[in-house]
$ cat protein_8.tsv   # TSV, C-alpha atoms
chain	number	residue	atom	x	y	z
A	29	MET	CA	0.00	0.00	0.00
A	30	GLU	CA	1.34	3.44	-0.95
A	31	ARG	CA	2.19	5.51	2.07
A	32	SER	CA	2.00	8.85	0.27
A	33	CYS	CA	1.78	10.48	-3.14
A	34	PHE	CA	3.89	13.21	-4.72
A	35	THR	CA	2.19	15.15	-7.51
A	36	LEU	CA	4.23	17.38	-9.82
A	37	ASP	CA	2.31	20.13	-11.61
A	38	LEU	CA	4.01	20.57	-14.99
A	39	GLY	CA	1.91	23.64	-15.69
A	40	ALA	CA	3.38	25.31	-12.61
A	41	ILE	CA	6.90	24.50	-13.85
A	42	ARG	CA	6.12	26.12	-17.20
A	43	ARG	CA	4.58	29.19	-15.57
A	44	ASN	CA	7.57	29.60	-13.27
A	45	ALA	CA	9.88	29.30	-16.27
A	46	ALA	CA	7.89	32.04	-18.01
A	47	THR	CA	8.20	34.25	-14.91
A	48	LEU	CA	11.96	33.72	-14.84
A	49	LEU	CA	12.28	34.41	-18.56
A	50	ARG	CA	10.51	37.73	-18.06
A	51	ALA	CA	12.86	38.55	-15.19
A	52	ALA	CA	15.86	37.56	-17.33
A	53	GLU	CA	14.98	40.33	-19.80
A	54	GLY	CA	16.46	38.72	-22.90
A	55	ALA	CA	18.99	36.39	-21.33
A	56	GLU	CA	18.57	32.67	-21.92
A	57	LEU	CA	17.02	30.55	-19.17
A	58	TRP	CA	19.04	27.46	-18.23
A	59	ALA	CA	17.10	25.10	-15.97
A	60	VAL	CA	19.04	23.62	-13.06
A	61	VAL	CA	17.70	20.08	-12.58
A	62	LYS	CA	20.42	18.46	-10.46
A	63	ALA	CA	19.54	16.22	-7.50
A	64	GLU	CA	16.69	14.64	-9.49
A	65	GLY	CA	15.22	18.04	-10.22
A	66	TYR	CA	15.49	19.15	-6.57
A	67	GLY	CA	13.48	16.07	-5.68
A	68	HIS	CA	10.70	16.89	-8.14
A	69	GLY	CA	11.67	14.60	-11.04
A	70	ALA	CA	14.46	15.69	-13.38
A	71	VAL	CA	13.11	14.41	-16.68
A	72	ASP	CA	9.58	15.72	-16.20
A	73	VAL	CA	10.83	19.10	-15.01
A	74	SER	CA	13.32	19.31	-17.87
A	75	ARG	CA	10.69	18.64	-20.49
A	76	ALA	CA	8.35	21.25	-19.02
A	77	ALA	CA	11.11	23.85	-18.72
A	78	LEU	CA	12.29	23.29	-22.29
A	79	ASP	CA	8.69	23.53	-23.52
A	80	ALA	CA	8.42	26.89	-21.75
A	81	GLY	CA	11.53	28.33	-23.40
A	82	ALA	CA	14.53	27.15	-21.41
A	83	THR	CA	17.45	26.50	-23.75
A	84	ALA	CA	19.73	24.32	-21.62
A	85	LEU	CA	19.73	22.00	-18.63
A	86	CYS	CA	22.28	22.09	-15.81
A	87	VAL	CA	23.23	19.17	-13.55
A	88	ALA	CA	25.99	18.43	-11.06
A	89	THR	CA	27.29	15.02	-12.17
A	90	LEU	CA	27.88	12.95	-15.26
A	91	PRO	CA	25.38	10.22	-14.21
A	92	GLU	CA	22.70	12.90	-13.82
A	93	ALA	CA	23.49	14.15	-17.31
A	94	LEU	CA	23.45	10.67	-18.86
A	95	HIS	CA	20.07	10.02	-17.23
A	96	LEU	CA	18.71	13.12	-18.95
A	97	ARG	CA	20.41	12.34	-22.25
A	98	ALA	CA	18.67	8.96	-22.41
A	99	ALA	CA	15.30	10.72	-22.28
A	100	LEU	CA	16.14	13.98	-24.07
A	101	ARG	CA	18.27	13.19	-27.08
A	102	ASN	CA	18.74	16.72	-28.36
A	103	ALA	CA	18.75	18.83	-25.20
A	104	ARG	CA	21.73	21.00	-24.37
A	105	ILE	CA	23.10	19.66	-21.05
A	106	LEU	CA	25.83	21.21	-18.91
A	107	VAL	CA	27.60	19.21	-16.19
A	108	MET	CA	28.62	21.82	-13.61
A	109	GLY	CA	30.53	19.58	-11.21
A	110	PRO	CA	33.96	17.97	-11.57
A	111	VAL	CA	34.41	14.91	-13.77
A	112	SER	CA	37.16	12.31	-13.96
A	113	GLU	CA	39.38	11.66	-16.98
A	114	ARG	CA	37.33	8.57	-17.79
A	115	GLU	CA	34.11	10.56	-17.64
A	116	ILE	CA	35.37	13.12	-20.14
A	117	GLY	CA	35.19	10.49	-22.88
A	118	GLU	CA	31.66	9.54	-21.84
A	119	ALA	CA	30.66	13.20	-21.88
A	120	ARG	CA	32.09	13.60	-25.37
A	121	MET	CA	30.13	10.60	-26.64
A	122	ALA	CA	26.92	11.89	-25.05
A	123	ARG	CA	27.36	15.42	-26.48
A	124	LEU	CA	27.49	17.03	-23.06
A	125	GLU	CA	29.15	20.27	-22.00
A	126	LEU	CA	31.61	20.42	-19.11
A	127	VAL	CA	32.98	23.01	-16.69
A	128	ALA	CA	36.71	23.64	-16.26
A	129	ALA	CA	37.28	24.94	-12.74
A	130	ASP	CA	41.08	24.53	-12.63
A	131	GLU	CA	43.99	24.45	-15.08
A	132	ARG	CA	42.75	21.20	-16.65
A	133	VAL	CA	40.62	22.10	-19.66
A	134	PRO	CA	39.08	19.05	-21.39
A	135	GLU	CA	39.60	18.71	-25.14
A	136	GLY	CA	37.16	17.64	-27.79
A	137	VAL	CA	34.13	18.66	-25.72
A	138	ARG	CA	32.36	21.97	-25.25
A	139	VAL	CA	33.71	23.68	-22.13
A	140	HIS	CA	32.72	26.53	-19.82
A	141	LEU	CA	35.51	28.18	-17.84
A	142	LYS	CA	34.56	28.81	-14.22
A	143	LEU	CA	35.94	31.85	-12.45
A	144	ASP	CA	35.93	32.03	-8.65
A	145	THR	CA	34.69	35.54	-7.89
A	146	GLY	CA	34.07	34.92	-4.20
A	147	MET	CA	32.33	31.59	-3.67
A	148	GLY	CA	35.60	30.08	-2.49
A	149	ARG	CA	35.00	26.63	-3.97
A	150	TRP	CA	35.63	25.37	-7.51
A	151	GLY	CA	36.86	28.02	-9.89
A	152	LEU	CA	39.90	29.63	-11.44
A	153	ALA	CA	41.59	32.62	-9.83
A	154	GLU	CA	42.22	34.02	-13.33
A	155	LEU	CA	40.79	33.10	-16.70
A	156	PRO	CA	43.21	31.58	-19.23
A	157	ALA	CA	43.00	32.42	-22.90
A	158	PRO	CA	40.05	30.36	-24.11
A	159	SER	CA	40.79	27.43	-26.38
A	160	ARG	CA	38.66	26.55	-29.40
A	161	ASP	CA	36.49	24.21	-27.29
A	162	VAL	CA	35.51	26.93	-24.80
A	163	VAL	CA	31.96	28.17	-25.39
A	164	GLY	CA	31.14	29.88	-22.10
A	165	VAL	CA	32.45	31.62	-18.99
A	166	MET	CA	30.68	31.34	-15.65
A	167	SER	CA	30.88	32.02	-11.94
A	168	HIS	CA	28.82	31.17	-8.87
A	169	LEU	CA	27.25	33.73	-6.54
A	170	ALA	CA	27.70	33.08	-2.82
A	171	SER	CA	24.91	35.12	-1.24
A	172	ALA	CA	22.58	36.65	-3.81
A	173	GLU	CA	19.61	35.94	-1.55
A	174	SER	CA	21.05	37.78	1.48
A	175	ASP	CA	24.05	40.05	0.79
A	176	PRO	CA	23.52	42.62	-1.98
A	177	ALA	CA	26.88	44.34	-1.48
A	178	PHE	CA	28.95	41.17	-1.86
A	179	THR	CA	26.78	40.01	-4.76
A	180	GLN	CA	27.41	43.26	-6.60
A	181	LEU	CA	31.14	42.88	-5.91
A	182	GLN	CA	31.10	39.39	-7.43
A	183	ILE	CA	29.17	40.63	-10.47
A	184	ALA	CA	31.64	43.47	-10.96
A	185	ARG	CA	34.59	41.06	-10.72
A	186	PHE	CA	32.97	38.79	-13.29
A	187	ARG	CA	32.18	41.65	-15.65
A	188	GLU	CA	35.75	42.95	-15.50
A	189	ALA	CA	37.30	39.50	-16.00
A	190	THR	CA	35.09	38.70	-19.00
A	191	ALA	CA	35.04	42.12	-20.65
A	192	GLY	CA	36.97	40.93	-23.70
A	193	LEU	CA	35.09	37.67	-24.14
A	194	GLY	CA	31.93	38.86	-25.83
A	195	SER	CA	31.90	35.93	-28.23
A	196	LEU	CA	31.42	33.49	-25.33
A	197	THR	CA	28.23	32.91	-23.34
A	198	ARG	CA	28.60	34.56	-19.93
A	199	HIS	CA	26.45	33.27	-17.07
A	200	VAL	CA	26.53	33.92	-13.33
A	201	ALA	CA	22.96	34.54	-12.10
A	202	ASN	CA	21.13	32.00	-9.97
A	203	SER	CA	17.43	32.23	-9.08
A	204	ALA	CA	17.90	34.97	-6.48
A	205	ALA	CA	20.09	37.09	-8.76
A	206	THR	CA	17.74	36.63	-11.70
A	207	LEU	CA	14.90	38.01	-9.60
A	208	ARG	CA	16.84	40.82	-7.87
A	209	PHE	CA	19.98	41.83	-9.82
A	210	ALA	CA	19.47	42.98	-13.40
A	211	GLU	CA	23.22	43.48	-13.78
A	212	ALA	CA	23.80	39.74	-13.16
A	213	ARG	CA	21.80	38.42	-16.09
A	214	PHE	CA	24.47	38.67	-18.84
A	215	ASP	CA	23.77	36.11	-21.60
A	216	ALA	CA	22.11	33.32	-19.61
A	217	VAL	CA	20.71	32.73	-16.13
A	218	ARG	CA	20.89	29.40	-14.30
A	219	CYS	CA	17.71	28.96	-12.28
A	220	GLY	CA	16.98	26.05	-10.00
A	221	ILE	CA	14.94	26.60	-6.84
A	222	ALA	CA	12.62	29.25	-8.31
A	223	LEU	CA	11.78	27.02	-11.26
A	224	TYR	CA	10.05	24.68	-8.80
A	225	GLY	CA	8.06	27.52	-7.24
A	226	ILE	CA	10.15	27.66	-4.07
A	227	SER	CA	11.44	31.02	-2.92
A	228	PRO	CA	15.22	31.46	-2.89
A	229	PHE	CA	14.64	34.00	-0.13
A	230	GLY	CA	12.72	31.65	2.17
A	231	SER	CA	9.60	33.80	1.87
A	232	ASP	CA	6.25	33.24	0.18
A	233	PRO	CA	7.02	32.33	-3.46
A	234	ALA	CA	3.97	34.31	-4.56
A	235	ASP	CA	5.90	37.47	-3.63
A	236	ASP	CA	7.95	36.90	-6.79
A	237	GLY	CA	5.16	35.50	-8.93
A	238	LEU	CA	6.21	31.90	-8.36
A	239	GLU	CA	3.88	28.94	-7.95
A	240	PRO	CA	4.73	25.80	-5.94
A	241	SER	CA	4.81	22.82	-8.29
A	242	LEU	CA	4.88	19.90	-5.86
A	243	ARG	CA	2.08	18.48	-3.75
A	244	TRP	CA	2.61	15.76	-1.12
A	245	GLU	CA	-0.33	13.85	0.30
A	246	SER	CA	-0.85	10.98	2.69
A	247	PHE	CA	-3.69	9.84	4.96
A	248	VAL	CA	-4.64	9.10	8.54
A	249	SER	CA	-3.72	5.50	9.25
A	250	LEU	CA	-4.83	5.35	12.88
A	251	VAL	CA	-6.65	7.59	15.37
A	252	LYS	CA	-6.31	7.17	19.09
A	253	LYS	CA	-7.13	9.06	22.26
A	254	LEU	CA	-4.36	9.81	24.74
A	255	GLU	CA	-5.37	10.20	28.35
A	256	PRO	CA	-3.51	12.67	30.60
A	257	GLY	CA	0.04	11.41	31.16
A	258	GLU	CA	0.05	9.19	28.07
A	259	SER	CA	2.49	9.89	25.27
A	260	THR	CA	3.13	9.20	21.59
A	261	GLY	CA	6.39	8.39	19.87
A	262	TYR	CA	9.99	7.75	20.83
A	263	GLY	CA	11.37	9.56	23.85
A	264	ARG	CA	7.89	10.62	25.05
A	265	ARG	CA	8.44	14.11	23.67
A	266	PHE	CA	4.69	14.70	23.59
A	267	VAL	CA	2.78	13.88	26.76
A	268	ALA	CA	-0.94	14.68	26.90
A	269	ASP	CA	-2.00	17.00	29.70
A	270	ARG	CA	-5.68	16.44	28.91
A	271	PRO	CA	-7.66	13.89	26.86
A	272	THR	CA	-6.20	14.36	23.36
A	273	TRP	CA	-7.00	12.84	19.99
A	274	ILE	CA	-4.02	12.14	17.75
A	275	ALA	CA	-3.75	10.92	14.18
A	276	ILE	CA	-0.92	8.68	13.05
A	277	VAL	CA	0.22	9.35	9.47
A	278	PRO	CA	2.35	6.64	7.77
A	279	VAL	CA	5.12	9.05	6.71
A	280	GLY	CA	8.42	9.71	8.47
A	281	TYR	CA	12.01	10.69	7.98
A	282	ALA	CA	12.61	7.82	5.55
A	283	ASP	CA	10.17	9.63	3.28
A	284	GLY	CA	11.78	13.02	3.79
A	285	PHE	CA	9.61	14.29	6.64
A	286	ARG	CA	12.55	15.07	8.88
A	287	ARG	CA	12.83	14.62	12.64
A	288	ASP	CA	13.48	18.33	13.09
A	289	MET	CA	10.14	19.18	11.45
A	290	THR	CA	8.26	18.39	14.67
A	291	GLY	CA	6.10	21.40	15.37
A	292	THR	CA	5.32	22.16	11.74
A	293	ASP	CA	1.78	22.13	10.34
A	294	VAL	CA	0.06	19.76	7.96
A	295	VAL	CA	-3.52	19.80	6.71
A	296	VAL	CA	-5.92	17.14	7.98
A	297	ASP	CA	-9.36	17.06	6.40
A	298	GLY	CA	-8.94	20.64	5.18
A	299	GLU	CA	-7.68	22.14	8.46
A	300	ARG	CA	-4.17	22.98	9.66
A	301	ARG	CA	-3.00	20.70	12.46
A	302	ARG	CA	0.27	20.55	14.41
A	303	VAL	CA	2.79	17.70	14.17
A	304	VAL	CA	3.83	16.59	17.66
A	305	GLY	CA	6.20	14.14	19.29
A	306	THR	CA	9.24	12.53	17.72
A	307	ILE	CA	8.92	11.88	14.01
A	308	SER	CA	9.98	8.29	13.41
A	309	MET	CA	11.26	6.59	10.30
A	310	ASP	CA	7.81	5.57	9.11
A	311	ALA	CA	5.25	7.64	11.02
A	312	LEU	CA	4.34	11.00	12.50
A	313	ALA	CA	1.66	12.13	14.92
A	314	VAL	CA	-0.76	15.04	14.55
A	315	VAL	CA	-2.91	16.58	17.29
A	316	LEU	CA	-6.63	16.72	16.50
A	317	PRO	CA	-9.46	18.62	18.17
A	318	GLU	CA	-11.75	15.64	17.67
A	319	ARG	CA	-11.75	12.17	16.21
A	320	VAL	CA	-11.56	11.71	12.43
A	321	ALA	CA	-11.93	8.57	10.38
A	322	ALA	CA	-9.01	6.42	9.32
A	323	GLY	CA	-8.28	7.21	5.69
A	324	THR	CA	-8.89	10.95	6.11
A	325	PRO	CA	-6.65	12.90	3.67
A	326	VAL	CA	-3.51	14.58	4.99
A	327	THR	CA	-1.61	17.20	2.97
A	328	LEU	CA	2.07	17.49	3.87
A	329	VAL	CA	2.94	20.02	1.14
A	330	GLY	CA	0.18	21.93	-0.62
A	331	ASP	CA	-3.15	23.47	0.41
A	332	GLY	CA	-1.23	26.45	1.75
A	333	ILE	CA	1.49	24.37	3.42
A	334	LEU	CA	4.77	25.55	1.89
A	335	ILE	CA	8.12	23.80	1.89
A	336	GLU	CA	9.48	27.13	3.12
A	337	GLU	CA	7.39	26.76	6.31
A	338	HIS	CA	8.80	23.30	7.01
A	339	ALA	CA	12.31	24.68	6.45
A	340	ARG	CA	11.79	27.45	9.00
A	341	VAL	CA	10.66	24.94	11.62
A	342	ALA	CA	13.67	22.73	10.85
A	343	ASP	CA	16.01	25.76	10.88
A	344	THR	CA	17.28	25.00	7.41
A	345	ILE	CA	16.67	26.09	3.82
A	346	ALA	CA	13.89	24.96	1.52
A	347	TYR	CA	16.45	23.45	-0.86
A	348	GLU	CA	17.41	20.85	1.75
A	349	ILE	CA	13.80	19.89	2.45
A	350	ALA	CA	13.02	19.55	-1.27
A	351	VAL	CA	16.00	17.40	-2.23
A	352	GLY	CA	15.46	15.21	0.84
A	353	LEU	CA	11.98	14.13	-0.27
A	354	ASN	CA	12.06	10.43	-1.07
A	355	THR	CA	10.25	10.26	-4.39
A	356	ARG	CA	12.26	7.38	-5.87
A	357	SER	CA	12.44	4.39	-3.51
A	358	GLY	CA	9.00	2.88	-4.04
A	359	ARG	CA	7.70	4.08	-0.69
A	360	ALA	CA	5.53	6.68	-2.42
A	361	ARG	CA	3.68	7.07	-5.67
A	362	ARG	CA	4.86	9.89	-7.90
A	363	VAL	CA	2.72	11.36	-10.68
A	364	ALA	CA	3.05	14.30	-13.05
A	365	VAL	CA	-0.04	16.24	-14.07
A	366	ASP	CA	-0.52	19.04	-16.57
A	367	GLY	CA	-2.24	21.65	-14.45
$ encode --input "protein_8.tsv" --output "structure tokens"
Amino acid sequence: MERSCFTLDLGAIRRNAATLLRAAEGAELWAVVKAEGYGHGAVDVSRAALDAGATALCVATLPEALHLRAALRNARILVMGPVSEREIGEARMARLELVAADERVPEGVRVHLKLDTGMGRWGLAELPAPSRDVVGVMSHLASAESDPAFTQLQIARFREATAGLGSLTRHVANSAATLRFAEARFDAVRCGIALYGISPFGSDPADDGLEPSLRWESFVSLVKKLEPGESTGYGRRFVADRPTWIAIVPVGYADGFRRDMTGTDVVVDGERRRVVGTISMDALAVVLPERVAAGTPVTLVGDGILIEEHARVADTIAYEIAVGLNTRSGRARRVAVDG
């Protein structure tokens, strides 16, 4: 029996892509679909984004790129993370594009030179003269969602370093920069989190015209009444101080509903209810004002429950919640709809 269901709204992906294209003001939109499309489904998201006008797909690893290539024969795919010498040959055969972040520049494959303008991770301190295989120059913004001054410094560094490379595609903007920094858009923008309708700023995505694309539903498996002094879950973190109805939902941290999300809200039978006690691997508990029937619908994401809310309770970022959702192990059903 399926414990929960993830529903991806392809229409929302396309509408978010259109919003980002408007914000890009003429720059190309490159859809970032690493980590299985931020947990949403890389192939489905890629198809919807390309349909909406995205011109390239960005992933972190060669296996992610090969997975996409098997489904999307003609898509432009950029592998942004490091690859081994063996993988370079595979990338060449699969018509992929790679990133050179140190002095080793692959040959016989399209390459983007990565400049470190302040992220302090992969990236060249200075750009070499581009070889004939180099088609782009890029960098990575460290804090576009939170530090305008440093973001503008990075953009200025990138602009100065690439001033004489007008024949190459220049790209530095992520979702936050695309939405907030016109000067970061250059020739292409690489958008991930906003494409899925999740705010890069941790706020309501509607503030930037974005629409959540993922819905997560389960059901009430068991209802029981706790008497005063009785508890639910490991460690007795919730102890009833009065007669209390609780619902047990067959979803837990193995599904991506993390232990540190205790205290967040879900929707039970159309009403917001609080998650209490220790979230276990396969179950969570919800406080109810009255008894409901087993089988009553529970919405974990959707119906006004945002991933951003869960992230605030867990003291993390929405990215981490999204990519931690277990949509691939067979524990849940996953469907794509054209809404």
$ residues_around --input "protein_8.tsv" --residues "Thr272 (chain A)" --least-positions-apart "5" --cutoff "9 Å" --atoms "all atoms listed in the file" --output "PyMOL selection string"
chain A and resi 252-256+315-318
$ atom_distance --input "protein_8.tsv" --atom1 "CA of Ala45 (chain A)" --atom2 "CA of His68 (chain A)"
14.9 Å
$ residues_around --input "protein_8.tsv" --residues "region 341-349 of chain A" --least-positions-apart "5" --cutoff "12 Å" --atoms "all atoms listed in the file" --output "VMD selection string"
chain A and resid 62 to 63 65 to 68 173 220 to 233 240 281 283 to 293 302 to 303 329 334 to 336 354
$ residues_around --input "protein_8.tsv" --residues "region 265-270 of chain A" --least-positions-apart "6" --cutoff "6 Å" --atoms "all atoms listed in the file" --output "list in words"
Pro256, Gly257, Glu258, Ser259 and Gly305 of chain A
$ residues_around --input "protein_8.tsv" --residues "Glu245 (chain A)" --least-positions-apart "3" --cutoff "6 Å" --atoms "only C-alpha atoms" --output "PyMOL selection string"
chain A and resi 32-33+326-328
$ residues_near_point --input "protein_8.tsv" --point "(6.1, 10.5, 14.8)" --cutoff "9 Å" --atoms "only C-alpha atoms" --output "ChimeraX atom specification"
/A:260-262,276-280,287,290,303-314
$ residues_around --input "protein_8.tsv" --residues "Pro158 (chain A)" --least-positions-apart "6" --cutoff "10 Å" --atoms "all atoms listed in the file" --output "list in words"
Val133, Val139, His140, Leu141, Gly164, Val165, Leu193 and Leu196 of chain A
$ atom_distance --input "protein_8.tsv" --atom1 "CA of Thr324 (chain A)" --atom2 "CA of Leu242 (chain A)"
20.3 Å
$ atom_distance --input "protein_8.tsv" --atom1 "CA of Asp215 (chain A)" --atom2 "CA of Gly117 (chain A)"
28.1 Å
$ residues_near_point --input "protein_8.tsv" --point "(20.3, 32.1, -10.0)" --cutoff "7 Å" --atoms "all atoms listed in the file" --output "list in words"
Ala201, Asn202, Ser203, Ala204, Ala205, Thr206, Val217, Arg218, Cys219 and Gly220 of chain A
$ closest_residue --input "protein_8.tsv" --among "A:Ala212, A:Glu125, A:Ala153, A:Pro176" --to "Ala189 (chain A)" --atoms "only C-alpha atoms"
A:Ala153
$ closest_residue --input "protein_8.tsv" --among "A:Leu126, A:Ala80, A:Val61, A:Ala216" --to "Leu96 (chain A)" --atoms "only C-alpha atoms"
A:Val61
$ closest_residue --input "protein_8.tsv" --among "A:Pro271, A:Gly151, A:Gly237, A:Gly298" --to "Val320 (chain A)" --atoms "all atoms listed in the file"
A:Gly298
$ closest_residue --input "protein_8.tsv" --among "A:Ala99, A:Val127, A:Ala40, A:Ala282" --to "Leu353 (chain A)" --atoms "only C-alpha atoms"
A:Ala282
